[in-house]
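Structure first, then comments.
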Amino acid sequence: MIDPAALLLSDPSPALRSRVLTELLDVDPADPELLDASRQLATDDHDPADGAEGSFRALCWSLCRSAYVGRTAADPRVAAVAERVFAEQQADGSFPLGRFRPGREPGPYSMAPLQVALPLRGLAMAGYATDPRAERAYQWLLDVQLADGSWPVGESHGQPGYIAGYRKLPGAQGCRTTTQGAIACLVLHPELARSDHVRRPLDLLLQRETREVWSLGTDVARLTGRETPRGFFTFYADFDLAMILDLASRAGASPDDPRVRELVDFITGLRGPYGLWEHPQHPELSRWLTFDLALSLRRLATGDWTGIAPRVPFRAYRKRSPRH
């Protein structure tokens with residue numbers, strides 16, 4: 001099999017080449033190829049807030065997109081967007097739920113963890129995970145975590161919100177998409193990433209052993225701007241195995257965990273003869289997907305945590321008996 005690094009470094013994107021050189025190949029900061037890619041990135045005049053006017057969700061996601069291609073808080077344009085997001089923060093550390101329903105009547109929910117998880121992921125990716133304002137948001141998220149480690153979809157009139165079948169979490173009371181969104185924030189915090197606050201819900205998330213090939217790389221497609229994120233409760237509706245592997249690797253999961261090992265075997269089996277994973281929806285993103293998966297596999301090699309949750313058969317919706 002051909003070493004995919006050479007193919008990745010032939011990509012025209014300076015952002016991809018820069019990340020491959022620093023995160024997969026560990027080159028010296030003075031490496032000429034890295035310096036060239038960095039210079040190209042520095043001359044890019046793209047404003048991360050372009051297209052985000054009027055949408056708080058899009059503004060938050062623009063931070064994720066910027067960070068994914070190597071632009072973080074050191075870039076004044078990214079810092080300006082982060083301050084706009086922080087400006088919406090409430091005294092308790094949360095962000096207004098109503099900001100995710102612009103121009104619409106107030107919904108029935110008084111609280112939903114994604115109102116914090118969506119902006120917090122962008123802020124953390126951009127380099128603000130330990131900012132005191134972000135720490136308050138993290139604490140809010142931990143305060144609404146359920147006893148079993150998952151997160152609820154939200155609260156309406158004092159009652160837990162409805163969880164559709166595809167958003168159910170095997171063996172838990174919480175919502176799979178909400179829990180996935182919360183974990184995506186926590187694994188970016190230097191102290192929380194490998195804490196029980198992450199590993200208990202990840203243990204539950206790994207119980208869903210479905211293998212949807214069609215959604216592999218959904219998060220990559222959105223982080224690179226190829227797809228536009230939609231929805232609120234459905235923000236993480238697709239069960240993206242590349243994202244699950246990323247979360248597990250950041251939380252210190254061990255490849256000796258049977259569920260992780262089988263997930264790795266499945267994903268490895270999808271790899272093409274030239275060392276690349278083809279993106280099922282957007283073939284032009286295959287090199288980005290390959291980089292993302294290769295980085296996760298590299299992190300897993302040093303993981304030391306094995307979950308304890310028992311396997312639970314999962315079906316999004318029960319098979320109905322035929323009516324006669």
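Residues in the structure tokens are named by chain (A, B, ... in the order shown) and by number from 1 within that chain; ligands are numbered from 1 in the order shown.
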Legend entry - Who sits within 12 Å of segment 109-113 of chain A, only C-alpha atoms, same chain under 4 positions skipped, as a PyMOL selection string: chain A and resi 93-98+100-101+105+117-120+137-146+150-162+174-183+185+232-233
Backbone-only DSSP, helix (DSSP H, G or I) members of segment 197-324 of chain A, as a PDB file with N, CA and C atoms, in the first residue's frame:
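Ended up saving to result-v2.pdb:
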ATOM      1  N   HIS A 197     -16.335  12.542  33.169  1.00  0.00           N
ATOM      2  CA  HIS A 197     -17.402  13.307  32.523  1.00  0.00           C
ATOM      3  C   HIS A 197     -17.461  13.015  31.024  1.00  0.00           C
ATOM      4  N   VAL A 198     -16.342  12.590  30.465  1.00  0.00           N
ATOM      5  CA  VAL A 198     -16.287  12.239  29.041  1.00  0.00           C
ATOM      6  C   VAL A 198     -16.379  10.735  28.840  1.00  0.00           C
ATOM      7  N   ARG A 199     -15.652   9.999  29.643  1.00  0.00           N
ATOM      8  CA  ARG A 199     -15.546   8.563  29.393  1.00  0.00           C
ATOM      9  C   ARG A 199     -16.834   7.798  29.690  1.00  0.00           C
ATOM     10  N   ARG A 200     -17.598   8.252  30.683  1.00  0.00           N
ATOM     11  CA  ARG A 200     -18.879   7.575  30.945  1.00  0.00           C
ATOM     12  C   ARG A 200     -19.846   7.733  29.780  1.00  0.00           C
ATOM     13  N   PRO A 201     -20.058   8.939  29.256  1.00  0.00           N
ATOM     14  CA  PRO A 201     -20.952   9.040  28.095  1.00  0.00           C
ATOM     15  C   PRO A 201     -20.367   8.418  26.826  1.00  0.00           C
ATOM     16  N   LEU A 202     -19.036   8.473  26.667  1.00  0.00           N
ATOM     17  CA  LEU A 202     -18.435   7.832  25.507  1.00  0.00           C
ATOM     18  C   LEU A 202     -18.655   6.325  25.559  1.00  0.00           C
ATOM     19  N   ASP A 203     -18.589   5.769  26.768  1.00  0.00           N
ATOM     20  CA  ASP A 203     -18.858   4.352  26.965  1.00  0.00           C
ATOM     21  C   ASP A 203     -20.259   4.001  26.437  1.00  0.00           C
ATOM     22  N   LEU A 204     -21.219   4.881  26.708  1.00  0.00           N
ATOM     23  CA  LEU A 204     -22.580   4.664  26.233  1.00  0.00           C
ATOM     24  C   LEU A 204     -22.660   4.830  24.716  1.00  0.00           C
ATOM     25  N   LEU A 205     -21.952   5.824  24.198  1.00  0.00           N
ATOM     26  CA  LEU A 205     -21.988   6.088  22.765  1.00  0.00           C
ATOM     27  C   LEU A 205     -21.399   4.925  21.969  1.00  0.00           C
ATOM     28  N   THR A 218     -19.265  12.939   7.597  1.00  0.00           N
ATOM     29  CA  THR A 218     -20.230  14.038   7.606  1.00  0.00           C
ATOM     30  C   THR A 218     -19.642  15.270   8.284  1.00  0.00           C
ATOM     31  N   ASP A 219     -18.977  15.061   9.414  1.00  0.00           N
ATOM     32  CA  ASP A 219     -18.404  16.190  10.142  1.00  0.00           C
ATOM     33  C   ASP A 219     -17.298  16.864   9.330  1.00  0.00           C
ATOM     34  N   VAL A 220     -16.487  16.066   8.630  1.00  0.00           N
ATOM     35  CA  VAL A 220     -15.428  16.619   7.791  1.00  0.00           C
ATOM     36  C   VAL A 220     -16.021  17.475   6.680  1.00  0.00           C
ATOM     37  N   ALA A 221     -17.109  17.011   6.086  1.00  0.00           N
ATOM     38  CA  ALA A 221     -17.749  17.766   5.006  1.00  0.00           C
ATOM     39  C   ALA A 221     -18.232  19.126   5.496  1.00  0.00           C
ATOM     40  N   ARG A 222     -18.706  19.181   6.717  1.00  0.00           N
ATOM     41  CA  ARG A 222     -19.185  20.455   7.259  1.00  0.00           C
ATOM     42  C   ARG A 222     -18.020  21.331   7.727  1.00  0.00           C
ATOM     43  N   LEU A 223     -17.001  20.713   8.297  1.00  0.00           N
ATOM     44  CA  LEU A 223     -15.850  21.483   8.769  1.00  0.00           C
ATOM     45  C   LEU A 223     -15.061  22.099   7.620  1.00  0.00           C
ATOM     46  N   LEU A 241     -19.129   7.721  11.797  1.00  0.00           N
ATOM     47  CA  LEU A 241     -18.137   6.879  12.466  1.00  0.00           C
ATOM     48  C   LEU A 241     -16.768   7.543  12.533  1.00  0.00           C
ATOM     49  N   ALA A 242     -16.451   8.425  11.580  1.00  0.00           N
ATOM     50  CA  ALA A 242     -15.183   9.147  11.646  1.00  0.00           C
ATOM     51  C   ALA A 242     -15.172  10.080  12.851  1.00  0.00           C
ATOM     52  N   MET A 243     -16.300  10.714  13.127  1.00  0.00           N
ATOM     53  CA  MET A 243     -16.388  11.604  14.285  1.00  0.00           C
ATOM     54  C   MET A 243     -16.336  10.796  15.585  1.00  0.00           C
ATOM     55  N   ILE A 244     -17.007   9.649  15.613  1.00  0.00           N
ATOM     56  CA  ILE A 244     -16.976   8.796  16.808  1.00  0.00           C
ATOM     57  C   ILE A 244     -15.547   8.362  17.102  1.00  0.00           C
ATOM     58  N   LEU A 245     -14.806   7.983  16.061  1.00  0.00           N
ATOM     59  CA  LEU A 245     -13.416   7.577  16.247  1.00  0.00           C
ATOM     60  C   LEU A 245     -12.575   8.746  16.746  1.00  0.00           C
ATOM     61  N   ASP A 246     -12.835   9.944  16.232  1.00  0.00           N
ATOM     62  CA  ASP A 246     -12.120  11.138  16.678  1.00  0.00           C
ATOM     63  C   ASP A 246     -12.369  11.387  18.166  1.00  0.00           C
ATOM     64  N   LEU A 247     -13.629  11.316  18.586  1.00  0.00           N
ATOM     65  CA  LEU A 247     -13.959  11.555  19.993  1.00  0.00           C
ATOM     66  C   LEU A 247     -13.296  10.509  20.886  1.00  0.00           C
ATOM     67  N   ALA A 248     -13.356   9.244  20.465  1.00  0.00           N
ATOM     68  CA  ALA A 248     -12.763   8.170  21.263  1.00  0.00           C
ATOM     69  C   ALA A 248     -11.254   8.364  21.403  1.00  0.00           C
ATOM     70  N   SER A 249     -10.604   8.766  20.303  1.00  0.00           N
ATOM     71  CA  SER A 249      -9.151   8.928  20.352  1.00  0.00           C
ATOM     72  C   SER A 249      -8.746  10.097  21.243  1.00  0.00           C
ATOM     73  N   ARG A 250      -9.517  11.166  21.248  1.00  0.00           N
ATOM     74  CA  ARG A 250      -9.202  12.321  22.084  1.00  0.00           C
ATOM     75  C   ARG A 250      -9.460  12.026  23.561  1.00  0.00           C
ATOM     76  N   PRO A 258     -12.803  -3.878  22.916  1.00  0.00           N
ATOM     77  CA  PRO A 258     -13.357  -4.653  21.795  1.00  0.00           C
ATOM     78  C   PRO A 258     -14.200  -3.821  20.839  1.00  0.00           C
ATOM     79  N   ARG A 259     -14.959  -2.874  21.375  1.00  0.00           N
ATOM     80  CA  ARG A 259     -15.819  -2.058  20.507  1.00  0.00           C
ATOM     81  C   ARG A 259     -14.983  -1.119  19.649  1.00  0.00           C
ATOM     82  N   VAL A 260     -13.925  -0.563  20.246  1.00  0.00           N
ATOM     83  CA  VAL A 260     -13.029   0.312  19.490  1.00  0.00           C
ATOM     84  C   VAL A 260     -12.272  -0.503  18.447  1.00  0.00           C
ATOM     85  N   ARG A 261     -11.804  -1.675  18.839  1.00  0.00           N
ATOM     86  CA  ARG A 261     -11.051  -2.522  17.909  1.00  0.00           C
ATOM     87  C   ARG A 261     -11.907  -2.908  16.696  1.00  0.00           C
ATOM     88  N   GLU A 262     -13.166  -3.264  16.946  1.00  0.00           N
ATOM     89  CA  GLU A 262     -14.039  -3.635  15.833  1.00  0.00           C
ATOM     90  C   GLU A 262     -14.380  -2.432  14.963  1.00  0.00           C
ATOM     91  N   LEU A 263     -14.502  -1.253  15.566  1.00  0.00           N
ATOM     92  CA  LEU A 263     -14.745  -0.038  14.797  1.00  0.00           C
ATOM     93  C   LEU A 263     -13.536   0.271  13.916  1.00  0.00           C
ATOM     94  N   VAL A 264     -12.330   0.133  14.490  1.00  0.00           N
ATOM     95  CA  VAL A 264     -11.107   0.368  13.722  1.00  0.00           C
ATOM     96  C   VAL A 264     -10.994  -0.632  12.578  1.00  0.00           C
ATOM     97  N   ASP A 265     -11.292  -1.897  12.850  1.00  0.00           N
ATOM     98  CA  ASP A 265     -11.220  -2.928  11.807  1.00  0.00           C
ATOM     99  C   ASP A 265     -12.190  -2.617  10.672  1.00  0.00           C
ATOM    100  N   PHE A 266     -13.389  -2.166  11.039  1.00  0.00           N
ATOM    101  CA  PHE A 266     -14.385  -1.851  10.028  1.00  0.00           C
ATOM    102  C   PHE A 266     -13.921  -0.680   9.165  1.00  0.00           C
ATOM    103  N   ILE A 267     -13.447   0.388   9.814  1.00  0.00           N
ATOM    104  CA  ILE A 267     -13.015   1.565   9.070  1.00  0.00           C
ATOM    105  C   ILE A 267     -11.775   1.258   8.231  1.00  0.00           C
ATOM    106  N   THR A 268     -10.851   0.479   8.789  1.00  0.00           N
ATOM    107  CA  THR A 268      -9.655   0.101   8.035  1.00  0.00           C
ATOM    108  C   THR A 268     -10.025  -0.688   6.790  1.00  0.00           C
ATOM    109  N   GLY A 269     -11.068  -1.495   6.907  1.00  0.00           N
ATOM    110  CA  GLY A 269     -11.518  -2.283   5.761  1.00  0.00           C
ATOM    111  C   GLY A 269     -12.089  -1.451   4.637  1.00  0.00           C
ATOM    112  N   PRO A 283     -16.320  12.857  -3.082  1.00  0.00           N
ATOM    113  CA  PRO A 283     -15.002  12.275  -3.370  1.00  0.00           C
ATOM    114  C   PRO A 283     -13.858  13.282  -3.292  1.00  0.00           C
ATOM    115  N   GLU A 284     -14.149  14.576  -3.548  1.00  0.00           N
ATOM    116  CA  GLU A 284     -13.097  15.583  -3.507  1.00  0.00           C
ATOM    117  C   GLU A 284     -12.570  15.823  -2.093  1.00  0.00           C
ATOM    118  N   LEU A 285     -13.280  15.297  -1.095  1.00  0.00           N
ATOM    119  CA  LEU A 285     -12.845  15.455   0.293  1.00  0.00           C
ATOM    120  C   LEU A 285     -12.123  14.211   0.818  1.00  0.00           C
ATOM    121  N   SER A 286     -11.781  13.294  -0.058  1.00  0.00           N
ATOM    122  CA  SER A 286     -11.175  12.040   0.391  1.00  0.00           C
ATOM    123  C   SER A 286      -9.848  12.245   1.115  1.00  0.00           C
ATOM    124  N   ARG A 287      -9.081  13.234   0.684  1.00  0.00           N
ATOM    125  CA  ARG A 287      -7.798  13.473   1.356  1.00  0.00           C
ATOM    126  C   ARG A 287      -8.014  14.077   2.742  1.00  0.00           C
ATOM    127  N   TRP A 288      -8.997  14.955   2.884  1.00  0.00           N
ATOM    128  CA  TRP A 288      -9.305  15.485   4.212  1.00  0.00           C
ATOM    129  C   TRP A 288      -9.813  14.365   5.126  1.00  0.00           C
ATOM    130  N   LEU A 289     -10.672  13.501   4.603  1.00  0.00           N
ATOM    131  CA  LEU A 289     -11.183  12.389   5.407  1.00  0.00           C
ATOM    132  C   LEU A 289     -10.050  11.448   5.796  1.00  0.00           C
ATOM    133  N   THR A 290      -9.145  11.186   4.865  1.00  0.00           N
ATOM    134  CA  THR A 290      -8.004  10.315   5.153  1.00  0.00           C
ATOM    135  C   THR A 290      -7.139  10.902   6.259  1.00  0.00           C
ATOM    136  N   PHE A 291      -6.867  12.199   6.166  1.00  0.00           N
ATOM    137  CA  PHE A 291      -6.093  12.861   7.220  1.00  0.00           C
ATOM    138  C   PHE A 291      -6.797  12.735   8.558  1.00  0.00           C
ATOM    139  N   ASP A 292      -8.099  12.985   8.597  1.00  0.00           N
ATOM    140  CA  ASP A 292      -8.867  12.947   9.844  1.00  0.00           C
ATOM    141  C   ASP A 292      -8.807  11.563  10.477  1.00  0.00           C
ATOM    142  N   LEU A 293      -9.015  10.528   9.665  1.00  0.00           N
ATOM    143  CA  LEU A 293      -9.005   9.157  10.187  1.00  0.00           C
ATOM    144  C   LEU A 293      -7.586   8.739  10.600  1.00  0.00           C
ATOM    145  N   ALA A 294      -6.592   9.105   9.806  1.00  0.00           N
ATOM    146  CA  ALA A 294      -5.208   8.759  10.142  1.00  0.00           C
ATOM    147  C   ALA A 294      -4.792   9.399  11.463  1.00  0.00           C
ATOM    148  N   LEU A 295      -5.236  10.616  11.705  1.00  0.00           N
ATOM    149  CA  LEU A 295      -4.901  11.298  12.950  1.00  0.00           C
ATOM    150  C   LEU A 295      -5.575  10.609  14.136  1.00  0.00           C
ATOM    151  N   SER A 296      -6.822  10.202  13.971  1.00  0.00           N
ATOM    152  CA  SER A 296      -7.521   9.488  15.040  1.00  0.00           C
ATOM    153  C   SER A 296      -6.836   8.167  15.349  1.00  0.00           C
ATOM    154  N   LEU A 297      -6.455   7.432  14.318  1.00  0.00           N
ATOM    155  CA  LEU A 297      -5.776   6.150  14.522  1.00  0.00           C
ATOM    156  C   LEU A 297      -4.432   6.349  15.217  1.00  0.00           C
ATOM    157  N   ARG A 298      -3.766   7.453  14.909  1.00  0.00           N
ATOM    158  CA  ARG A 298      -2.493   7.732  15.570  1.00  0.00           C
ATOM    159  C   ARG A 298      -2.701   7.988  17.061  1.00  0.00           C
ATOM    160  N   ARG A 299      -3.723   8.757  17.403  1.00  0.00           N
ATOM    161  CA  ARG A 299      -4.007   9.023  18.817  1.00  0.00           C
ATOM    162  C   ARG A 299      -4.380   7.727  19.549  1.00  0.00           C
ATOM    163  N   LEU A 300      -5.169   6.885  18.897  1.00  0.00           N
ATOM    164  CA  LEU A 300      -5.617   5.648  19.544  1.00  0.00           C
ATOM    165  C   LEU A 300      -4.453   4.750  19.950  1.00  0.00           C
TER     166      LEU A 300
END
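Among the residues of segment 53-290 of chain A, backbone DSSP assigns strand (DSSP E or B) to A:Tyr109, A:Ser110, A:Met111, A:Glu155, A:Ser156, A:Gln159, A:Pro160, A:Lys168, A:Cys175, A:Ala253.
Closest to Gly165 of chain A among A:Ala237, A:Ala309, A:Ala301, A:Leu34 is A:Ala237, based on only C-alpha atoms.
Going from atom CA of Leu41 of chain A over to atom CA of Pro4 of chain A, you cover 22.5 Å.
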Excluding segment 61-66 of chain A and its own-chain neighbours fewer than 5 positions away, which residues fall within 10 Å of it when counting only C-alpha atoms? Please give them as a PDB file with C-alpha atoms, in the first residue's frame.
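This is the output file selection.pdb:
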ATOM      1  CA  HIS A  46     -11.137  34.965   3.940  1.00  0.00           C
ATOM      2  CA  ASP A  47     -13.285  36.361   6.747  1.00  0.00           C
ATOM      3  CA  PRO A  48     -14.541  33.495   8.969  1.00  0.00           C
ATOM      4  CA  ALA A  49     -17.791  35.369   9.592  1.00  0.00           C
ATOM      5  CA  ASP A  50     -18.714  35.474   5.881  1.00  0.00           C
ATOM      6  CA  GLY A  51     -22.152  33.949   5.410  1.00  0.00           C
ATOM      7  CA  ALA A  52     -22.891  33.884   9.136  1.00  0.00           C
ATOM      8  CA  SER A  55     -27.471  33.149  12.279  1.00  0.00           C
ATOM      9  CA  PHE A  56     -25.905  32.519  15.669  1.00  0.00           C
ATOM     10  CA  ARG A  71      -6.878  29.543  11.931  1.00  0.00           C
ATOM     11  CA  THR A  72      -7.280  30.050  15.666  1.00  0.00           C
ATOM     12  CA  ALA A  73      -7.336  32.861  18.226  1.00  0.00           C
ATOM     13  CA  ASP A  75      -5.829  35.393  13.873  1.00  0.00           C
ATOM     14  CA  ARG A  77     -10.482  37.801  12.432  1.00  0.00           C
ATOM     15  CA  VAL A  78     -11.090  34.608  14.403  1.00  0.00           C
ATOM     16  CA  ALA A  79     -10.676  36.455  17.707  1.00  0.00           C
ATOM     17  CA  VAL A  81     -15.802  36.235  15.860  1.00  0.00           C
ATOM     18  CA  ALA A  82     -15.085  34.602  19.221  1.00  0.00           C
ATOM     19  CA  VAL A  85     -20.040  34.686  20.414  1.00  0.00           C
ATOM     20  CA  LEU A 118     -22.730  24.231  19.816  1.00  0.00           C
ATOM     21  CA  PRO A 119     -21.029  27.571  20.606  1.00  0.00           C
ATOM     22  CA  LEU A 120     -18.605  25.981  23.074  1.00  0.00           C
ATOM     23  CA  ARG A 121     -17.197  23.562  20.509  1.00  0.00           C
ATOM     24  CA  GLY A 122     -16.331  26.450  18.218  1.00  0.00           C
ATOM     25  CA  LEU A 123     -14.757  28.462  21.014  1.00  0.00           C
ATOM     26  CA  ALA A 124     -12.722  25.488  22.246  1.00  0.00           C
ATOM     27  CA  MET A 125     -11.497  24.591  18.763  1.00  0.00           C
ATOM     28  CA  ALA A 126     -10.411  28.190  18.258  1.00  0.00           C
ATOM     29  CA  GLY A 127      -8.239  28.045  21.381  1.00  0.00           C
ATOM     30  CA  VAL A 220     -15.428  16.619   7.791  1.00  0.00           C
ATOM     31  CA  ARG A 222     -19.185  20.455   7.259  1.00  0.00           C
ATOM     32  CA  LEU A 223     -15.850  21.483   8.769  1.00  0.00           C
ATOM     33  CA  THR A 224     -14.395  22.024   5.306  1.00  0.00           C
ATOM     34  CA  GLY A 225     -17.457  23.990   4.188  1.00  0.00           C
ATOM     35  CA  THR A 228     -23.857  23.508   5.580  1.00  0.00           C
ATOM     36  CA  PRO A 229     -24.890  22.366   9.096  1.00  0.00           C
TER      37      PRO A 229
END
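Atom CA of Asp36 of chain A to atom CA of Ala74 of chain A spans 18.5 Å [interatomic distance, one decimal].
Residue nearest Leu192 of chain A, chosen from A:Asp26, A:Glu33, A:Glu135, A:Glu83 and counting only C-alpha atoms: A:Glu135.
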